[in-house]
Amino acid sequence: MAIPPPSNLLDEALDGKGAGDFAASPLSGGRMVLVEDCVETGGAFVLHHLLKRCLSPHSSDAVVFLSFAHPFSHYDRILRKMGCNLSSQRDNKRLLFFDMLMADRLGRNRGKSVEDIFVALYGDVHRAVELFLSHEEGRRHVTLIVDDVSLMEIDAKGSSNLVLDFLHYCHSLTSQFACSFVALNHDDVYSTADRSTLLLQMEYLAEVVIKVEPLATGLAKDVHGQFRIKDSSVEYFYPGSKT
């Protein structure tokens, strides 16, 4: 019998349960998790950790991944170092990857309006979730991951309202299908006025907000923060509990 991976601070914060319960369902259904990072400290490693946990062999969960930041090969290389083969997960129909970097993916040269493009994208996401949860697929939980919202806004030609509408629709899946919704956004790319209309509304939607910030003392060889990034994993712990 496979032994569940040990629990850590991030898993406990998201699930509030022991390691065994978390391994069975990496993210509790019906919740949104917002990851906020900054220029000094990127938060992509949190997405990688959550992606690996969602595709754990100890669960039958599935992931719908919308990438505005990197191609599939980027995540595949990183997750392989972490012991997770995304290509195999995609072939086994546990992962559906939307590469939003492809020009034809957003229909930029098809003469469609930006609104029509995002409406069609949400339709694709909705159908993917329905398919994963159908009797044919038999997945009992789906996690939607968006990387990242600030780049989505660029594809929306700077329309914060359009991005918010899309995020609201994605958030509705958490109640309709008990899905989990994870989004990464950059906290320091908005002016004060913009922050009140986009980031604050995202924080309002989210049940969990994870802020990735640099150490107050700057870069240091000795770690006294809340996480330590290793070659193939990340350790999360309470401040001051490790050196």
# chains A, B, ... in the order shown; residues from 1 in each chain; ligands from 1
$ select_by_dssp --residues "region 111-176 of chain A" --states "strand (DSSP E or B)" --output "PyMOL selection string"
chain A and resi 142-147
$ write_last_selection --atoms "C-alpha atoms" --output "PDB file, in the first residue's frame"
ATOM      1  CA  VAL A 142     -11.238  18.912 -10.247  1.00  0.00           C
ATOM      2  CA  THR A 143      -8.844  21.789  -9.616  1.00  0.00           C
ATOM      3  CA  LEU A 144      -8.664  24.748 -12.002  1.00  0.00           C
ATOM      4  CA  ILE A 145      -5.282  26.550 -12.017  1.00  0.00           C
ATOM      5  CA  VAL A 146      -4.571  29.910 -13.723  1.00  0.00           C
ATOM      6  CA  ASP A 147      -0.987  31.125 -14.264  1.00  0.00           C
TER       7      ASP A 147
END
$ residues_around --residues "region 90-102 of chain A" --least-positions-apart "5" --cutoff "7 Å" --atoms "only C-alpha atoms" --output "VMD selection string"
chain A and resid 61 to 68 71 to 72
$ write_last_selection --atoms "C-alpha atoms" --output "PDB file, in the first residue's frame"
ATOM      1  CA  ASP A  61      -8.310  14.075  -8.908  1.00  0.00           C
ATOM      2  CA  ALA A  62      -7.894  15.967 -12.178  1.00  0.00           C
ATOM      3  CA  VAL A  63      -6.503  19.386 -13.111  1.00  0.00           C
ATOM      4  CA  VAL A  64      -7.521  21.964 -15.711  1.00  0.00           C
ATOM      5  CA  PHE A  65      -4.526  24.275 -16.193  1.00  0.00           C
ATOM      6  CA  LEU A  66      -4.713  27.641 -17.994  1.00  0.00           C
ATOM      7  CA  SER A  67      -1.219  28.940 -18.698  1.00  0.00           C
ATOM      8  CA  PHE A  68      -0.721  32.507 -19.850  1.00  0.00           C
ATOM      9  CA  PRO A  71       4.357  26.482 -22.477  1.00  0.00           C
ATOM     10  CA  PHE A  72       3.637  22.947 -21.317  1.00  0.00           C
TER      11      PHE A  72
END
$ closest_residue --among "A:Thr41, A:Ser150, A:Asn185, A:Asn85" --to "Glu203 (chain A)" --atoms "only C-alpha atoms"
A:Asn185
$ closest_residue --among "A:His186, A:Arg80, A:His48, A:Lys211" --to "Leu151 (chain A)" --atoms "only C-alpha atoms"
A:His186
$ closest_residue --among "A:Ser134, A:Asp76, A:Gly30, A:Asp155" --to "Cys179 (chain A)" --atoms "only C-alpha atoms"
A:Gly30
$ closest_residue --among "A:Ala183, A:Cys84, A:Leu47, A:Cys54" --to "Leu167 (chain A)" --atoms "only C-alpha atoms"
A:Ala183
$ residues_around --residues "Asp187 (chain A)" --least-positions-apart "4" --cutoff "9 Å" --atoms "only C-alpha atoms" --output "ChimeraX atom specification"
/A:36-39,195,199,211
$ decode --residues "region 84-99 of chain A" --atoms "all heavy atoms" --output "PDB file, in the first residue's frame"
ATOM      1  N   CYS A  84       7.023  14.153 -10.694  1.00  0.00           N
ATOM      2  CA  CYS A  84       5.693  14.053 -11.299  1.00  0.00           C
ATOM      3  C   CYS A  84       5.828  14.228 -12.813  1.00  0.00           C
ATOM      4  O   CYS A  84       6.357  15.236 -13.280  1.00  0.00           O
ATOM      5  CB  CYS A  84       4.764  15.114 -10.721  1.00  0.00           C
ATOM      6  SG  CYS A  84       3.101  15.121 -11.420  1.00  0.00           S
ATOM      7  N   ASN A  85       5.353  13.265 -13.572  1.00  0.00           N
ATOM      8  CA  ASN A  85       5.446  13.287 -15.030  1.00  0.00           C
ATOM      9  C   ASN A  85       4.150  13.857 -15.607  1.00  0.00           C
ATOM     10  O   ASN A  85       3.135  13.158 -15.689  1.00  0.00           O
ATOM     11  CB  ASN A  85       5.699  11.880 -15.566  1.00  0.00           C
ATOM     12  CG  ASN A  85       6.030  11.866 -17.047  1.00  0.00           C
ATOM     13  OD1 ASN A  85       5.476  12.633 -17.830  1.00  0.00           O
ATOM     14  ND2 ASN A  85       6.931  10.981 -17.444  1.00  0.00           N
ATOM     15  N   LEU A  86       4.182  15.123 -16.005  1.00  0.00           N
ATOM     16  CA  LEU A  86       2.969  15.755 -16.516  1.00  0.00           C
ATOM     17  C   LEU A  86       2.528  15.167 -17.847  1.00  0.00           C
ATOM     18  O   LEU A  86       1.318  15.110 -18.138  1.00  0.00           O
ATOM     19  CB  LEU A  86       3.179  17.261 -16.665  1.00  0.00           C
ATOM     20  CG  LEU A  86       3.310  18.076 -15.379  1.00  0.00           C
ATOM     21  CD1 LEU A  86       3.301  19.567 -15.710  1.00  0.00           C
ATOM     22  CD2 LEU A  86       2.199  17.749 -14.398  1.00  0.00           C
ATOM     23  N   SER A  87       3.487  14.738 -18.668  1.00  0.00           N
ATOM     24  CA  SER A  87       3.118  14.137 -19.952  1.00  0.00           C
ATOM     25  C   SER A  87       2.285  12.878 -19.734  1.00  0.00           C
ATOM     26  O   SER A  87       1.268  12.660 -20.418  1.00  0.00           O
ATOM     27  CB  SER A  87       4.378  13.809 -20.764  1.00  0.00           C
ATOM     28  OG  SER A  87       5.074  14.989 -21.103  1.00  0.00           O
ATOM     29  N   SER A  88       2.684  12.063 -18.777  1.00  0.00           N
ATOM     30  CA  SER A  88       1.930  10.848 -18.468  1.00  0.00           C
ATOM     31  C   SER A  88       0.569  11.194 -17.884  1.00  0.00           C
ATOM     32  O   SER A  88      -0.441  10.566 -18.223  1.00  0.00           O
ATOM     33  CB  SER A  88       2.710   9.972 -17.479  1.00  0.00           C
ATOM     34  OG  SER A  88       3.903   9.497 -18.053  1.00  0.00           O
ATOM     35  N   GLN A  89       0.534  12.211 -17.025  1.00  0.00           N
ATOM     36  CA  GLN A  89      -0.744  12.622 -16.436  1.00  0.00           C
ATOM     37  C   GLN A  89      -1.703  13.137 -17.506  1.00  0.00           C
ATOM     38  O   GLN A  89      -2.906  12.894 -17.447  1.00  0.00           O
ATOM     39  CB  GLN A  89      -0.511  13.699 -15.371  1.00  0.00           C
ATOM     40  CG  GLN A  89       0.379  13.288 -14.220  1.00  0.00           C
ATOM     41  CD  GLN A  89      -0.284  12.281 -13.307  1.00  0.00           C
ATOM     42  OE1 GLN A  89      -1.443  11.923 -13.469  1.00  0.00           O
ATOM     43  NE2 GLN A  89       0.459  11.809 -12.314  1.00  0.00           N
ATOM     44  N   ARG A  90      -1.144  13.839 -18.489  1.00  0.00           N
ATOM     45  CA  ARG A  90      -1.987  14.324 -19.593  1.00  0.00           C
ATOM     46  C   ARG A  90      -2.488  13.160 -20.438  1.00  0.00           C
ATOM     47  O   ARG A  90      -3.667  13.122 -20.817  1.00  0.00           O
ATOM     48  CB  ARG A  90      -1.195  15.305 -20.453  1.00  0.00           C
ATOM     49  CG  ARG A  90      -2.002  15.954 -21.564  1.00  0.00           C
ATOM     50  CD  ARG A  90      -1.204  17.032 -22.266  1.00  0.00           C
ATOM     51  NE  ARG A  90       0.036  16.504 -22.864  1.00  0.00           N
ATOM     52  CZ  ARG A  90       0.888  17.241 -23.575  1.00  0.00           C
ATOM     53  NH1 ARG A  90       0.653  18.532 -23.754  1.00  0.00           N
ATOM     54  NH2 ARG A  90       1.971  16.704 -24.105  1.00  0.00           N
ATOM     55  N   ASP A  91      -1.618  12.199 -20.711  1.00  0.00           N
ATOM     56  CA  ASP A  91      -2.022  11.015 -21.482  1.00  0.00           C
ATOM     57  C   ASP A  91      -3.056  10.184 -20.744  1.00  0.00           C
ATOM     58  O   ASP A  91      -3.932   9.561 -21.364  1.00  0.00           O
ATOM     59  CB  ASP A  91      -0.798  10.152 -21.812  1.00  0.00           C
ATOM     60  CG  ASP A  91       0.174  10.850 -22.751  1.00  0.00           C
ATOM     61  OD1 ASP A  91      -0.243  11.814 -23.421  1.00  0.00           O
ATOM     62  OD2 ASP A  91       1.344  10.432 -22.809  1.00  0.00           O
ATOM     63  N   ASN A  92      -2.960  10.178 -19.402  1.00  0.00           N
ATOM     64  CA  ASN A  92      -3.904   9.412 -18.576  1.00  0.00           C
ATOM     65  C   ASN A  92      -5.174  10.196 -18.273  1.00  0.00           C
ATOM     66  O   ASN A  92      -5.986   9.790 -17.454  1.00  0.00           O
ATOM     67  CB  ASN A  92      -3.238   9.005 -17.262  1.00  0.00           C
ATOM     68  CG  ASN A  92      -2.122   7.996 -17.464  1.00  0.00           C
ATOM     69  OD1 ASN A  92      -2.129   7.230 -18.431  1.00  0.00           O
ATOM     70  ND2 ASN A  92      -1.157   7.986 -16.555  1.00  0.00           N
ATOM     71  N   LYS A  93      -5.329  11.347 -18.909  1.00  0.00           N
ATOM     72  CA  LYS A  93      -6.531  12.176 -18.801  1.00  0.00           C
ATOM     73  C   LYS A  93      -6.787  12.665 -17.380  1.00  0.00           C
ATOM     74  O   LYS A  93      -7.942  12.791 -16.954  1.00  0.00           O
ATOM     75  CB  LYS A  93      -7.756  11.425 -19.337  1.00  0.00           C
ATOM     76  CG  LYS A  93      -7.644  11.083 -20.810  1.00  0.00           C
ATOM     77  CD  LYS A  93      -8.906  10.386 -21.328  1.00  0.00           C
ATOM     78  CE  LYS A  93      -8.786  10.068 -22.810  1.00  0.00           C
ATOM     79  NZ  LYS A  93      -9.998   9.406 -23.330  1.00  0.00           N
ATOM     80  N   ARG A  94      -5.708  12.960 -16.676  1.00  0.00           N
ATOM     81  CA  ARG A  94      -5.842  13.604 -15.367  1.00  0.00           C
ATOM     82  C   ARG A  94      -5.485  15.081 -15.453  1.00  0.00           C
ATOM     83  O   ARG A  94      -5.722  15.833 -14.503  1.00  0.00           O
ATOM     84  CB  ARG A  94      -4.945  12.919 -14.328  1.00  0.00           C
ATOM     85  CG  ARG A  94      -5.375  11.516 -13.955  1.00  0.00           C
ATOM     86  CD  ARG A  94      -4.613  11.030 -12.735  1.00  0.00           C
ATOM     87  NE  ARG A  94      -4.894  11.851 -11.568  1.00  0.00           N
ATOM     88  CZ  ARG A  94      -4.207  11.757 -10.431  1.00  0.00           C
ATOM     89  NH1 ARG A  94      -3.195  10.906 -10.334  1.00  0.00           N
ATOM     90  NH2 ARG A  94      -4.521  12.511  -9.397  1.00  0.00           N
ATOM     91  N   LEU A  95      -4.911  15.496 -16.576  1.00  0.00           N
ATOM     92  CA  LEU A  95      -4.498  16.885 -16.768  1.00  0.00           C
ATOM     93  C   LEU A  95      -4.923  17.368 -18.141  1.00  0.00           C
ATOM     94  O   LEU A  95      -4.622  16.734 -19.152  1.00  0.00           O
ATOM     95  CB  LEU A  95      -2.977  17.008 -16.623  1.00  0.00           C
ATOM     96  CG  LEU A  95      -2.352  18.351 -17.020  1.00  0.00           C
ATOM     97  CD1 LEU A  95      -2.790  19.454 -16.063  1.00  0.00           C
ATOM     98  CD2 LEU A  95      -0.829  18.249 -17.048  1.00  0.00           C
ATOM     99  N   LEU A  96      -5.626  18.511 -18.166  1.00  0.00           N
ATOM    100  CA  LEU A  96      -5.952  19.184 -19.421  1.00  0.00           C
ATOM    101  C   LEU A  96      -5.257  20.539 -19.393  1.00  0.00           C
ATOM    102  O   LEU A  96      -5.536  21.373 -18.513  1.00  0.00           O
ATOM    103  CB  LEU A  96      -7.457  19.363 -19.582  1.00  0.00           C
ATOM    104  CG  LEU A  96      -7.901  20.051 -20.883  1.00  0.00           C
ATOM    105  CD1 LEU A  96      -7.444  19.255 -22.104  1.00  0.00           C
ATOM    106  CD2 LEU A  96      -9.412  20.233 -20.906  1.00  0.00           C
ATOM    107  N   PHE A  97      -4.341  20.747 -20.343  1.00  0.00           N
ATOM    108  CA  PHE A  97      -3.495  21.938 -20.349  1.00  0.00           C
ATOM    109  C   PHE A  97      -3.899  22.854 -21.501  1.00  0.00           C
ATOM    110  O   PHE A  97      -3.865  22.461 -22.664  1.00  0.00           O
ATOM    111  CB  PHE A  97      -2.024  21.526 -20.483  1.00  0.00           C
ATOM    112  CG  PHE A  97      -1.047  22.653 -20.321  1.00  0.00           C
ATOM    113  CD1 PHE A  97      -0.560  22.995 -19.066  1.00  0.00           C
ATOM    114  CD2 PHE A  97      -0.605  23.376 -21.428  1.00  0.00           C
ATOM    115  CE1 PHE A  97       0.350  24.030 -18.909  1.00  0.00           C
ATOM    116  CE2 PHE A  97       0.296  24.408 -21.282  1.00  0.00           C
ATOM    117  CZ  PHE A  97       0.776  24.743 -20.028  1.00  0.00           C
ATOM    118  N   PHE A  98      -4.268  24.099 -21.163  1.00  0.00           N
ATOM    119  CA  PHE A  98      -4.584  25.116 -22.160  1.00  0.00           C
ATOM    120  C   PHE A  98      -3.365  26.029 -22.303  1.00  0.00           C
ATOM    121  O   PHE A  98      -3.046  26.789 -21.380  1.00  0.00           O
ATOM    122  CB  PHE A  98      -5.793  25.949 -21.738  1.00  0.00           C
ATOM    123  CG  PHE A  98      -7.101  25.226 -21.801  1.00  0.00           C
ATOM    124  CD1 PHE A  98      -7.563  24.507 -20.714  1.00  0.00           C
ATOM    125  CD2 PHE A  98      -7.874  25.260 -22.953  1.00  0.00           C
ATOM    126  CE1 PHE A  98      -8.778  23.845 -20.755  1.00  0.00           C
ATOM    127  CE2 PHE A  98      -9.093  24.601 -23.013  1.00  0.00           C
ATOM    128  CZ  PHE A  98      -9.540  23.892 -21.913  1.00  0.00           C
ATOM    129  N   ASP A  99      -2.685  25.948 -23.434  1.00  0.00           N
ATOM    130  CA  ASP A  99      -1.516  26.789 -23.693  1.00  0.00           C
ATOM    131  C   ASP A  99      -1.993  28.097 -24.315  1.00  0.00           C
ATOM    132  O   ASP A  99      -2.209  28.186 -25.526  1.00  0.00           O
ATOM    133  CB  ASP A  99      -0.543  26.068 -24.622  1.00  0.00           C
ATOM    134  CG  ASP A  99       0.769  26.824 -24.787  1.00  0.00           C
ATOM    135  OD1 ASP A  99       0.841  27.988 -24.347  1.00  0.00           O
ATOM    136  OD2 ASP A  99       1.715  26.255 -25.365  1.00  0.00           O
TER     137      ASP A  99
END
